[in-house]
$ cat my_file.txt   # compact mmCIF, C-alpha atoms and all ligand atoms
# COMPACT_ATOMS: atom_id res chain seq x y z
CA MET A 1 -20.45 13.82 -130.08
CA PRO A 2 -19.38 17.25 -128.71
CA VAL A 3 -16.45 17.08 -126.33
CA ALA A 4 -16.60 19.31 -123.27
CA GLN A 5 -13.17 20.81 -122.66
CA SER A 6 -13.05 21.06 -118.91
CA MET A 7 -14.77 19.78 -115.82
CA PRO A 8 -17.10 22.33 -114.19
CA VAL A 9 -15.66 23.34 -110.81
CA THR A 10 -18.80 22.64 -108.81
CA SER A 11 -20.71 20.19 -110.84
CA GLY A 12 -23.63 18.55 -109.07
CA GLY A 13 -25.53 15.99 -111.09
CA GLY A 14 -24.44 12.59 -112.26
CA LEU A 15 -21.28 10.87 -113.42
CA VAL A 16 -20.84 12.40 -116.86
CA ASP A 17 -17.65 12.11 -118.88
CA ARG A 18 -16.22 14.46 -121.51
CA PHE A 19 -17.76 12.37 -124.29
CA GLY A 20 -21.24 12.72 -122.81
CA ARG A 21 -21.52 9.18 -121.45
CA VAL A 22 -23.31 8.91 -118.10
CA ALA A 23 -22.33 6.19 -115.62
CA THR A 24 -25.34 4.72 -113.85
CA ASP A 25 -24.06 1.16 -113.31
CA LEU A 26 -21.75 0.72 -110.32
CA ARG A 27 -19.55 -2.37 -109.91
CA VAL A 28 -18.35 -2.77 -106.34
CA SER A 29 -15.55 -5.19 -105.57
CA LEU A 30 -16.02 -6.41 -101.99
CA THR A 31 -12.73 -8.29 -101.70
CA ASP A 32 -9.71 -9.11 -103.84
CA ARG A 33 -9.58 -12.64 -102.36
CA CYS A 34 -11.01 -15.68 -104.06
CA ASN A 35 -11.52 -19.33 -103.16
CA LEU A 36 -10.69 -20.48 -106.71
CA ARG A 37 -7.42 -20.09 -108.60
CA CYS A 38 -8.60 -19.98 -112.21
CA THR A 39 -5.54 -20.45 -114.40
CA TYR A 40 -6.46 -17.51 -116.66
CA CYS A 41 -6.96 -15.18 -113.71
CA MET A 42 -4.55 -15.91 -110.85
CA PRO A 43 -1.39 -17.91 -110.14
CA ALA A 44 -1.73 -21.16 -108.14
CA GLU A 45 -0.32 -19.57 -104.99
CA GLY A 46 -2.77 -16.64 -105.10
CA LEU A 47 -1.72 -12.99 -104.95
CA ALA A 48 -0.55 -10.54 -102.32
CA TRP A 49 -3.97 -9.76 -100.82
CA LEU A 50 -4.94 -6.30 -99.65
CA PRO A 51 -4.13 -5.79 -95.97
CA ARG A 52 -7.37 -5.67 -93.93
CA GLU A 53 -6.88 -2.05 -92.91
CA GLN A 54 -6.73 -0.98 -96.55
CA GLN A 55 -10.02 -2.67 -97.37
CA LEU A 56 -13.17 -0.58 -97.01
CA THR A 57 -15.23 -1.47 -93.96
CA ASP A 58 -18.88 -2.43 -94.44
CA ASP A 59 -19.92 1.06 -93.25
CA GLU A 60 -17.56 2.68 -95.77
CA VAL A 61 -18.93 0.53 -98.61
CA ASN A 62 -22.48 1.40 -97.57
CA ARG A 63 -21.67 5.11 -97.48
CA LEU A 64 -20.09 5.09 -100.94
CA VAL A 65 -22.99 3.11 -102.42
CA ARG A 66 -25.41 5.57 -100.83
CA ILE A 67 -23.55 8.56 -102.30
CA ALA A 68 -23.49 6.85 -105.71
CA VAL A 69 -27.22 6.16 -105.66
CA GLU A 70 -28.59 9.23 -103.89
CA ASP A 71 -26.19 11.92 -105.15
CA LEU A 72 -24.72 10.58 -108.39
CA GLY A 73 -27.65 8.92 -110.12
CA VAL A 74 -26.46 5.30 -110.01
CA THR A 75 -29.41 2.98 -110.68
CA GLU A 76 -27.74 -0.44 -110.71
CA VAL A 77 -25.23 -1.87 -108.27
CA ARG A 78 -23.39 -5.13 -108.92
CA PHE A 79 -21.30 -6.66 -106.14
CA THR A 80 -18.27 -8.60 -107.30
CA GLY A 81 -14.69 -9.45 -106.33
CA GLY A 82 -12.45 -11.49 -105.90
CA GLU A 83 -15.26 -13.66 -104.64
CA PRO A 84 -18.00 -11.55 -103.00
CA LEU A 85 -19.61 -14.52 -101.21
CA ILE A 86 -16.56 -14.81 -98.96
CA ARG A 87 -17.07 -11.29 -97.59
CA PRO A 88 -18.64 -11.81 -94.15
CA GLY A 89 -20.76 -8.62 -94.33
CA LEU A 90 -22.23 -9.28 -97.79
CA VAL A 91 -25.86 -9.81 -96.71
CA GLY A 92 -25.83 -6.62 -94.63
CA ILE A 93 -24.27 -4.64 -97.49
CA VAL A 94 -26.99 -5.86 -99.86
CA ARG A 95 -29.67 -4.98 -97.28
CA ALA A 96 -28.29 -1.46 -96.88
CA ALA A 97 -28.23 -0.95 -100.66
CA ALA A 98 -31.80 -2.24 -101.00
CA ALA A 99 -32.98 0.32 -98.44
CA LEU A 100 -31.75 3.26 -100.54
CA SER A 101 -34.10 5.57 -102.34
CA PRO A 102 -34.48 5.37 -105.25
CA ARG A 103 -33.89 1.67 -104.80
CA PRO A 104 -31.16 0.46 -107.18
CA GLN A 105 -31.25 -2.85 -109.05
CA LEU A 106 -28.94 -5.21 -107.16
CA SER A 107 -26.95 -8.09 -108.61
CA LEU A 108 -23.98 -10.26 -107.77
CA THR A 109 -21.21 -11.78 -109.87
CA THR A 110 -19.97 -14.92 -108.14
CA ASN A 111 -18.31 -18.27 -108.70
CA GLY A 112 -21.35 -19.78 -106.97
CA ILE A 113 -19.46 -21.55 -104.18
CA GLY A 114 -21.56 -21.02 -101.04
CA LEU A 115 -24.53 -19.66 -102.98
CA ALA A 116 -26.59 -22.74 -102.08
CA ARG A 117 -26.30 -21.67 -98.43
CA LEU A 118 -26.72 -17.90 -98.97
CA ALA A 119 -29.21 -17.52 -101.83
CA VAL A 120 -32.34 -17.15 -99.67
CA ALA A 121 -30.67 -14.72 -97.23
CA LEU A 122 -29.42 -12.63 -100.15
CA ARG A 123 -32.85 -12.63 -101.78
CA ASP A 124 -34.46 -11.63 -98.48
CA ALA A 125 -31.90 -8.83 -98.11
CA GLY A 126 -32.96 -7.47 -101.52
CA LEU A 127 -30.64 -9.02 -104.11
CA ASP A 128 -32.38 -9.19 -107.49
CA ARG A 129 -30.14 -11.34 -109.72
CA VAL A 130 -26.93 -13.33 -109.95
CA ASN A 131 -24.33 -14.09 -112.59
CA VAL A 132 -22.50 -17.34 -111.86
CA SER A 133 -19.20 -18.05 -113.57
CA LEU A 134 -18.90 -21.54 -115.03
CA ASP A 135 -16.40 -22.42 -117.75
CA THR A 136 -16.94 -26.15 -118.08
CA LEU A 137 -19.46 -28.94 -117.53
CA SER A 138 -16.72 -31.44 -116.77
CA PRO A 139 -15.78 -31.84 -113.09
CA ASP A 140 -12.26 -32.92 -114.10
CA ARG A 141 -11.76 -29.92 -116.34
CA PHE A 142 -13.13 -27.70 -113.59
CA VAL A 143 -10.37 -28.93 -111.28
CA ALA A 144 -7.74 -28.30 -113.98
CA LEU A 145 -9.11 -24.83 -114.71
CA THR A 146 -9.77 -23.59 -111.18
CA ARG A 147 -7.30 -25.72 -109.22
CA ARG A 148 -10.13 -26.58 -106.79
CA ASP A 149 -12.58 -29.51 -106.68
CA ARG A 150 -15.79 -27.46 -106.34
CA HIS A 151 -17.76 -28.12 -109.54
CA SER A 152 -20.76 -29.60 -107.74
CA ASP A 153 -20.90 -26.56 -105.41
CA VAL A 154 -21.21 -24.22 -108.39
CA LEU A 155 -24.02 -26.30 -109.91
CA ALA A 156 -25.79 -26.39 -106.54
CA GLY A 157 -25.41 -22.61 -106.30
CA LEU A 158 -27.13 -22.14 -109.65
CA VAL A 159 -30.04 -24.37 -108.63
CA ALA A 160 -30.40 -22.50 -105.33
CA ALA A 161 -30.31 -19.11 -107.08
CA VAL A 162 -33.25 -20.03 -109.30
CA ALA A 163 -35.15 -21.61 -106.39
CA ALA A 164 -34.69 -18.38 -104.42
CA GLY A 165 -35.96 -16.29 -107.34
CA LEU A 166 -32.61 -14.62 -108.13
CA THR A 167 -33.52 -14.59 -111.79
CA PRO A 168 -32.70 -14.51 -114.58
CA ALA A 169 -29.73 -16.52 -113.33
CA LYS A 170 -26.97 -15.91 -115.83
CA ILE A 171 -23.87 -17.98 -116.47
CA ASN A 172 -20.62 -16.27 -117.46
CA THR A 173 -18.26 -18.43 -119.51
CA VAL A 174 -14.78 -17.63 -120.78
CA LEU A 175 -13.78 -19.93 -123.64
CA MET A 176 -10.11 -20.73 -124.13
CA ARG A 177 -8.56 -22.36 -127.13
CA GLY A 178 -7.73 -26.02 -126.64
CA ILE A 179 -9.00 -25.92 -123.06
CA ASN A 180 -12.80 -25.61 -123.13
CA ASP A 181 -13.69 -24.11 -126.53
CA ASP A 182 -15.10 -27.46 -127.65
CA GLU A 183 -17.84 -27.09 -124.99
CA ALA A 184 -19.69 -24.07 -126.40
CA PRO A 185 -22.73 -25.98 -127.76
CA GLU A 186 -22.90 -28.28 -124.73
CA LEU A 187 -22.77 -25.32 -122.32
CA LEU A 188 -25.56 -23.58 -124.21
CA ARG A 189 -27.73 -26.72 -124.21
CA PHE A 190 -27.14 -27.09 -120.46
CA ALA A 191 -28.15 -23.47 -119.86
CA LEU A 192 -31.25 -23.77 -122.05
CA ASP A 193 -32.35 -26.99 -120.37
CA HIS A 194 -32.08 -25.41 -116.91
CA GLY A 195 -33.47 -21.96 -117.72
CA TYR A 196 -30.15 -20.15 -117.19
CA GLU A 197 -29.03 -17.35 -119.54
CA LEU A 198 -25.56 -18.00 -120.90
CA ARG A 199 -23.07 -15.23 -121.66
CA PHE A 200 -19.78 -16.04 -123.37
CA ILE A 201 -17.06 -13.50 -122.53
CA GLU A 202 -13.99 -12.93 -124.70
CA GLN A 203 -10.85 -13.34 -122.67
CA MET A 204 -9.28 -9.96 -121.87
CA PRO A 205 -5.72 -8.89 -121.02
CA LEU A 206 -6.41 -8.72 -117.29
CA ASP A 207 -4.72 -11.85 -115.96
CA ALA A 208 -2.29 -11.45 -113.07
CA GLN A 209 0.32 -13.47 -114.95
CA HIS A 210 0.22 -11.22 -118.07
CA GLN A 211 0.00 -14.24 -120.36
CA TRP A 212 -2.99 -13.13 -122.45
CA ASN A 213 -2.31 -13.43 -126.17
CA ARG A 214 -4.45 -11.65 -128.76
CA HIS A 215 -3.93 -14.40 -131.31
CA GLU A 216 -4.89 -17.22 -128.99
CA MET A 217 -8.12 -15.81 -127.59
CA VAL A 218 -11.43 -17.26 -128.80
CA THR A 219 -13.22 -14.46 -130.63
CA ALA A 220 -16.92 -13.58 -130.69
CA ASP A 221 -17.02 -14.69 -134.36
CA GLU A 222 -15.60 -18.08 -133.44
CA ILE A 223 -18.08 -18.46 -130.59
CA LEU A 224 -21.00 -17.69 -132.90
CA GLU A 225 -19.63 -20.13 -135.48
CA ALA A 226 -19.48 -22.84 -132.80
CA LEU A 227 -23.16 -22.14 -132.00
CA SER A 228 -24.30 -22.10 -135.64
CA GLY A 229 -26.20 -25.37 -135.16
CA PHE A 230 -28.74 -23.56 -132.96
CA GLY A 231 -29.92 -21.27 -135.78
CA LEU A 232 -29.53 -18.18 -133.59
CA VAL A 233 -31.61 -15.14 -134.50
CA PRO A 234 -30.32 -11.62 -133.72
CA ASP A 235 -32.25 -10.16 -130.77
CA VAL A 236 -34.55 -7.26 -131.56
CA VAL A 237 -34.38 -5.76 -128.08
CA ASP A 238 -32.28 -2.58 -127.99
CA ARG A 239 -28.97 -3.45 -126.35
CA GLY A 240 -28.56 -0.09 -124.65
CA ALA A 241 -25.40 -0.08 -122.53
CA ALA A 242 -25.41 -3.87 -122.02
CA PRO A 243 -22.01 -5.45 -122.71
CA ALA A 244 -23.59 -8.55 -124.26
CA GLU A 245 -24.90 -8.78 -127.80
CA THR A 246 -27.79 -11.22 -127.57
CA TRP A 247 -29.39 -13.78 -129.87
CA LEU A 248 -32.67 -15.67 -129.56
CA VAL A 249 -32.50 -19.46 -129.56
CA PRO A 250 -35.41 -20.80 -131.64
CA GLY A 251 -37.35 -23.61 -130.01
CA TYR A 252 -36.40 -22.77 -126.46
CA ALA A 253 -38.18 -20.67 -123.83
CA GLY A 254 -36.39 -18.86 -121.04
CA ALA A 255 -37.33 -19.28 -117.38
CA ASP A 256 -39.67 -16.26 -117.68
CA GLY A 257 -41.54 -17.82 -120.64
CA HIS A 258 -39.95 -15.41 -123.12
CA PRO A 259 -37.77 -16.75 -125.93
CA ALA A 260 -34.45 -18.05 -124.62
CA ARG A 261 -31.40 -15.91 -125.26
CA VAL A 262 -27.66 -16.34 -125.44
CA GLY A 263 -25.18 -13.49 -125.18
CA VAL A 264 -21.66 -12.84 -126.37
CA ILE A 265 -19.54 -10.18 -124.71
CA GLY A 266 -16.98 -9.29 -127.36
CA SER A 267 -14.97 -6.92 -125.20
CA VAL A 268 -11.87 -7.26 -127.38
CA THR A 269 -13.09 -7.73 -130.96
CA ARG A 270 -16.44 -5.92 -130.65
CA PRO A 271 -15.80 -3.23 -128.05
CA PHE A 272 -18.80 -1.33 -126.67
CA CYS A 273 -16.94 1.53 -124.98
CA GLY A 274 -19.05 4.17 -126.76
CA ALA A 275 -22.11 3.05 -124.80
CA CYS A 276 -20.32 2.25 -121.53
CA ASP A 277 -22.28 3.31 -118.45
CA ARG A 278 -20.08 1.71 -115.78
CA THR A 279 -18.12 3.07 -112.85
CA ARG A 280 -16.08 0.79 -110.61
CA LEU A 281 -15.07 0.80 -106.98
CA THR A 282 -12.27 -1.47 -105.77
CA ALA A 283 -12.27 -3.19 -102.38
CA ASP A 284 -9.79 -0.57 -101.14
CA GLY A 285 -11.95 2.34 -102.16
CA GLN A 286 -10.43 3.41 -105.47
CA VAL A 287 -12.67 4.59 -108.31
CA ARG A 288 -11.81 3.17 -111.73
CA ASN A 289 -13.53 4.74 -114.70
CA CYS A 290 -12.73 1.74 -116.93
CA LEU A 291 -11.71 -1.91 -116.48
CA PHE A 292 -8.53 -0.96 -118.35
CA ALA A 293 -7.83 2.34 -116.60
CA THR A 294 -4.23 2.79 -115.52
CA GLU A 295 -5.17 5.54 -113.08
CA GLU A 296 -7.47 5.43 -110.04
CA SER A 297 -8.98 7.99 -107.69
CA ASP A 298 -8.76 7.45 -103.97
CA LEU A 299 -12.10 7.77 -102.19
CA ARG A 300 -11.00 5.83 -99.12
CA GLY A 301 -8.50 8.56 -98.23
CA LEU A 302 -11.27 11.14 -98.50
CA LEU A 303 -13.64 9.08 -96.33
CA ARG A 304 -11.02 8.53 -93.66
CA GLY A 305 -9.88 12.15 -93.85
CA GLY A 306 -13.34 13.39 -92.85
CA ALA A 307 -14.63 14.55 -96.24
CA SER A 308 -18.31 15.38 -96.56
CA ASP A 309 -20.64 13.43 -98.86
CA ALA A 310 -20.58 16.38 -101.27
CA GLU A 311 -16.76 16.33 -101.40
CA VAL A 312 -16.70 12.58 -102.03
CA ALA A 313 -19.34 12.93 -104.74
CA ASP A 314 -17.35 15.69 -106.45
CA ALA A 315 -14.16 13.60 -106.41
CA TRP A 316 -16.11 10.73 -107.99
CA ARG A 317 -17.45 13.07 -110.70
CA VAL A 318 -13.94 14.29 -111.49
CA ALA A 319 -12.67 10.70 -111.68
CA MET A 320 -15.33 9.79 -114.22
CA PHE A 321 -15.02 12.96 -116.27
CA GLY A 322 -11.56 11.92 -117.48
CA LYS A 323 -12.67 8.50 -118.78
CA ARG A 324 -10.99 7.65 -122.08
CA ALA A 325 -13.01 7.13 -125.24
CA GLY A 326 -12.09 3.45 -125.45
CA HIS A 327 -10.05 0.71 -123.77
CA GLY A 328 -7.41 0.83 -126.50
CA ILE A 329 -6.51 -2.88 -126.39
CA ASP A 330 -5.60 -2.71 -130.08
CA ASP A 331 -3.48 0.43 -129.76
CA PRO A 332 0.28 -0.13 -130.00
CA SER A 333 0.60 1.91 -126.80
CA PHE A 334 -1.84 -0.30 -124.82
CA LEU A 335 -0.67 -1.04 -121.30
CA GLN A 336 -2.31 -3.74 -119.21
CA PRO A 337 -3.45 -2.21 -115.91
CA ALA A 338 -1.43 -3.06 -112.83
CA ARG A 339 -4.49 -4.52 -111.08
CA PRO A 340 -5.61 -7.91 -112.38
CA MET A 341 -9.30 -8.71 -112.96
CA SER A 342 -9.59 -10.35 -109.54
CA ALA A 343 -8.60 -7.09 -107.83
CA ILE A 344 -10.83 -4.90 -109.99
CA GLY A 345 -14.01 -6.93 -110.12
CA GLY A 346 -15.63 -8.22 -113.29
N1 LIG B 1 -15.37 -14.54 -108.29
C1 LIG B 1 -16.46 -14.00 -109.05
C2 LIG B 1 -16.74 -14.85 -110.26
O1 LIG B 1 -16.12 -15.90 -110.41
O2 LIG B 1 -17.63 -14.48 -111.04
C3 LIG B 1 -16.32 -12.55 -109.44
C4 LIG B 1 -14.99 -12.07 -109.94
S1 LIG B 1 -14.44 -12.79 -111.45
C5 LIG B 1 -12.97 -11.85 -111.70
C6 LIG B 1 -15.61 -12.12 -112.59
C7 LIG B 1 -15.60 -12.72 -113.97
O3 LIG B 1 -14.42 -12.34 -114.62
C8 LIG B 1 -15.67 -14.23 -114.04
O4 LIG B 1 -16.73 -14.60 -114.88
C9 LIG B 1 -14.34 -14.62 -114.67
O5 LIG B 1 -14.45 -15.76 -115.48
C10 LIG B 1 -14.06 -13.39 -115.49
N2 LIG B 1 -12.66 -13.22 -115.85
C11 LIG B 1 -11.56 -13.35 -115.09
N3 LIG B 1 -10.46 -13.08 -115.80
C12 LIG B 1 -10.86 -12.76 -117.04
C13 LIG B 1 -10.20 -12.37 -118.25
N4 LIG B 1 -8.89 -12.26 -118.31
N5 LIG B 1 -10.96 -12.09 -119.33
C14 LIG B 1 -12.31 -12.20 -119.28
N6 LIG B 1 -13.00 -12.56 -118.18
C15 LIG B 1 -12.27 -12.84 -117.08
$ encode --input "my_file.txt" --output "structure tokens"
Amino acid sequence: MPVAQSMPVTSGGGLVDRFGRVATDLRVSLTDRCNLRCTYCMPAEGLAWLPREQQLTDDEVNRLVRIAVEDLGVTEVRFTGGEPLIRPGLVGIVRAAAALSPRPQLSLTTNGIGLARLAVALRDAGLDRVNVSLDTLSPDRFVALTRRDRHSDVLAGLVAAVAAGLTPAKINTVLMRGINDDEAPELLRFALDHGYELRFIEQMPLDAQHQWNRHEMVTADEILEALSGFGLVPDVVDRGAAPAETWLVPGYAGADGHPARVGVIGSVTRPFCGACDRTRLTADGQVRNCLFATEESDLRGLLRGGASDAEVADAWRVAMFGKRAGHGIDDPSFLQPARPMSAIGG
């Protein structure tokens, strides 16, 4: 692929990087706080949360999402966190995004706690889909993994999401050796029986405690081996920029009547950086051009300093132009970013 040498001074257009990738999928973290303390994500005592004044206001989030959609060609917006359901203004933020033209696809990544109460309001505001994180079917293991006794709330959230039409409802699962990796087939059967689409995610070096270990993570190959009893068939649908490789599960239909699918997101062992179309905004208004970026670009300062939409859009373009070719987890020089996953947004 030809590599452009320098960023045009006045660019216009979308979020293009020097390798020709175009970012059209925006992940917006609405808070760095969470009501769970998953052992692979955060310490038991939580983290030093962003001070309120550093967090974008609802109006600031709405303005940046509008600029992304109307000026920068973003077509999909996913709200995440921390835990996005604990942001008081979430429904209004979704409603504002749904009113944009062209209307973006809108989704939410959540732990599901509180979704039973909010699913209908979110659907009515314009949310299209949800991904609910669930790493175990055992309530006891859930407590050990998340340090909170909320398993039944997550399951109720999934049921409510489907009832509200937030479909396909996907489940995100991180498997960890000796902790929940024996549950892969059971989790898939559960998802198939309920019409949820399961995505297994390889564990990445993004934990606040910096304890991730390459040799201990459960790989995509191991996950597929654990699912071999299902006779999975490689999916024929073009994957495009989707992070998940998908397989069809013979004998099962999805909620939409199409063949049921299961996905594996092999971020570490099967990286998909060459097709990446994502741009990320943190809860304090920093653009990240990659989950693993060690540099960020400050849009909040521009907003609060009186910048015009065109100036903000240009700063966003510049931030994306410098995106690296790949995350480099396997490079000897790899450095884990200072922000953990919970402060970036998955
Ligand atoms: N609170 C929301 C949730 O639970 O989905 C959104 C934020 S959470 C950080 C997003 C996703 O990242 C979850 O599915 C979580 O399991 C996943 N995650 C957290 N740390 C991870 C890691 N080190 N590697 C891979 N996935 C991780």
$ closest_residue --input "my_file.txt" --among "A:Pro243, A:Gly195, A:Pro250, A:Gly346" --to "ligand LIG 1 (chain B)" --atoms "all atoms listed in the file"
A:Gly346
$ closest_atom_pairs --input "my_file.txt" --of "chain A" --to "ligand LIG 1 (chain B)" --cutoff "7 Å" --atoms "only C-alpha atoms and all ligand atoms" --output "tab-separated table"
residue	atom	partner	partner_atom	distance
A:Cys34	CA	B:LIG1	N1	6.2
A:Tyr40	CA	B:LIG1	N4	6.0
A:Cys41	CA	B:LIG1	N3	4.6
A:Thr80	CA	B:LIG1	C3	4.9
A:Gly81	CA	B:LIG1	C4	4.5
A:Gly82	CA	B:LIG1	C4	4.8
A:Glu83	CA	B:LIG1	N1	3.8
A:Pro84	CA	B:LIG1	N1	6.6
A:Thr109	CA	B:LIG1	O2	4.6
A:Thr110	CA	B:LIG1	C1	3.7
A:Asn111	CA	B:LIG1	O1	3.7
A:Asn131	CA	B:LIG1	O2	6.9
A:Val132	CA	B:LIG1	O2	5.7
A:Ser133	CA	B:LIG1	O4	4.4
A:Asn172	CA	B:LIG1	O4	5.0
A:Thr173	CA	B:LIG1	O5	6.2
A:Val174	CA	B:LIG1	O5	5.6
A:Ile201	CA	B:LIG1	C14	5.9
A:Glu202	CA	B:LIG1	C14	5.7
A:Gln203	CA	B:LIG1	N5	3.6
A:Met204	CA	B:LIG1	N5	3.7
A:Pro205	CA	B:LIG1	N4	5.4
A:Leu206	CA	B:LIG1	N4	4.4
A:Asp207	CA	B:LIG1	N4	4.8
A:Met341	CA	B:LIG1	C5	5.0
A:Ser342	CA	B:LIG1	C5	4.3
A:Gly345	CA	B:LIG1	C4	5.2
A:Gly346	CA	B:LIG1	C6	4.0
$ closest_residue --input "my_file.txt" --among "A:Cys276, A:Arg150, A:Leu122, A:Ala325" --to "Thr24 in chain A" --atoms "all atoms listed in the file"
A:Cys276
$ atom_distance --input "my_file.txt" --atom1 "CA of Ala156 in chain A" --atom2 "CA of Leu85 in chain A"
14.4 Å
$ residues_around --input "my_file.txt" --residues "Ala244 in chain A" --least-positions-apart "3" --cutoff "6 Å" --atoms "all atoms listed in the file" --output "list in words"
Gly263, Val264 and Ile265 of chain A
$ atom_distance --input "my_file.txt" --atom1 "CA of Arg123 in chain A" --atom2 "CA of Val28 in chain A"
18.1 Å
$ residues_near_point --input "my_file.txt" --point "(-31.4, -20.7, -135.7)" --cutoff "6 Å" --atoms "only C-alpha atoms" --output "list in words"
Phe230, Gly231, Leu232, Val233 and Pro250 of chain A
$ write_last_selection --input "my_file.txt" --atoms "C-alpha atoms" --output "short mmCIF file (atom, residue, chain, number, x, y, z; two decimals), keeping the file's coordinate frame"
data_model
loop_
_atom_site.label_atom_id
_atom_site.label_comp_id
_atom_site.auth_asym_id
_atom_site.auth_seq_id
_atom_site.Cartn_x
_atom_site.Cartn_y
_atom_site.Cartn_z
CA PHE A 230 -28.74 -23.56 -132.96
CA GLY A 231 -29.92 -21.27 -135.78
CA LEU A 232 -29.53 -18.18 -133.59
CA VAL A 233 -31.61 -15.14 -134.50
CA PRO A 250 -35.41 -20.80 -131.64
#
$ atom_distance --input "my_file.txt" --atom1 "CA of Asp193 in chain A" --atom2 "CA of Gly240 in chain A"
27.5 Å
$ closest_atom_pairs --input "my_file.txt" --of "range 40-136 of chain A" --to "range 295-298 of chain A" --cutoff "12 Å" --atoms "only C-alpha atoms" --output "JSON lines"
{"residue": "A:Gln54", "atom": "CA", "partner": "A:Asp298", "partner_atom": "CA", "distance": 11.4}
{"residue": "A:Leu56", "atom": "CA", "partner": "A:Asp298", "partner_atom": "CA", "distance": 11.5}
{"residue": "A:Leu64", "atom": "CA", "partner": "A:Asp298", "partner_atom": "CA", "distance": 12.0}
$ closest_residue --input "my_file.txt" --among "A:Leu115, A:Ala44, A:Leu224, A:Ala255" --to "Pro168 in chain A" --atoms "all atoms listed in the file"
A:Ala255
$ closest_residue --input "my_file.txt" --among "A:Val218, A:Ala48, A:Ile171, A:Leu72" --to "Gly12 in chain A" --atoms "only C-alpha atoms"
A:Leu72
$ closest_residue --input "my_file.txt" --among "A:Ala116, A:Phe272, A:Ala191, A:Asp17" --to "Arg239 in chain A" --atoms "all atoms listed in the file"
A:Phe272
$ closest_residue --input "my_file.txt" --among "A:Ala169, A:Met176, A:Leu145, A:Met320" --to "Leu26 in chain A" --atoms "all atoms listed in the file"
A:Met320
$ residues_around --input "my_file.txt" --residues "range 183-190 of chain A" --least-positions-apart "4" --cutoff "8 Å" --atoms "all atoms listed in the file" --output "JSON, numbers by chain"
{"A": [136, 137, 175, 194, 198, 223, 226, 227, 262]}
$ axis_aligned_box --input "my_file.txt" --around "range 107-112 of chain A" --padding-each-side "3 Å" --output "JSON"
{"center_x": -22.6, "center_y": -13.9, "center_z": -108.4, "size_x": 14.6, "size_y": 17.7, "size_z": 8.9}
$ residues_around --input "my_file.txt" --residues "Val91 in chain A" --least-positions-apart "6" --cutoff "9 Å" --atoms "all atoms listed in the file" --output "list of chain:residue names"
A:Leu118, A:Ala121, A:Leu122, A:Asp124, A:Ala125, A:Gly126, A:Leu127
$ write_last_selection --input "my_file.txt" --atoms "C-alpha atoms" --output "short mmCIF file (atom, residue, chain, number, x, y, z; two decimals), in the coordinates of the input"
data_model
loop_
_atom_site.label_atom_id
_atom_site.label_comp_id
_atom_site.auth_asym_id
_atom_site.auth_seq_id
_atom_site.Cartn_x
_atom_site.Cartn_y
_atom_site.Cartn_z
CA LEU A 118 -26.72 -17.90 -98.97
CA ALA A 121 -30.67 -14.72 -97.23
CA LEU A 122 -29.42 -12.63 -100.15
CA ASP A 124 -34.46 -11.63 -98.48
CA ALA A 125 -31.90 -8.83 -98.11
CA GLY A 126 -32.96 -7.47 -101.52
CA LEU A 127 -30.64 -9.02 -104.11
#
$ residues_around --input "my_file.txt" --residues "Arg147 in chain A" --least-positions-apart "4" --cutoff "8 Å" --atoms "all atoms listed in the file" --output "number ranges by chain"
A: 36-39, 44, 142-143
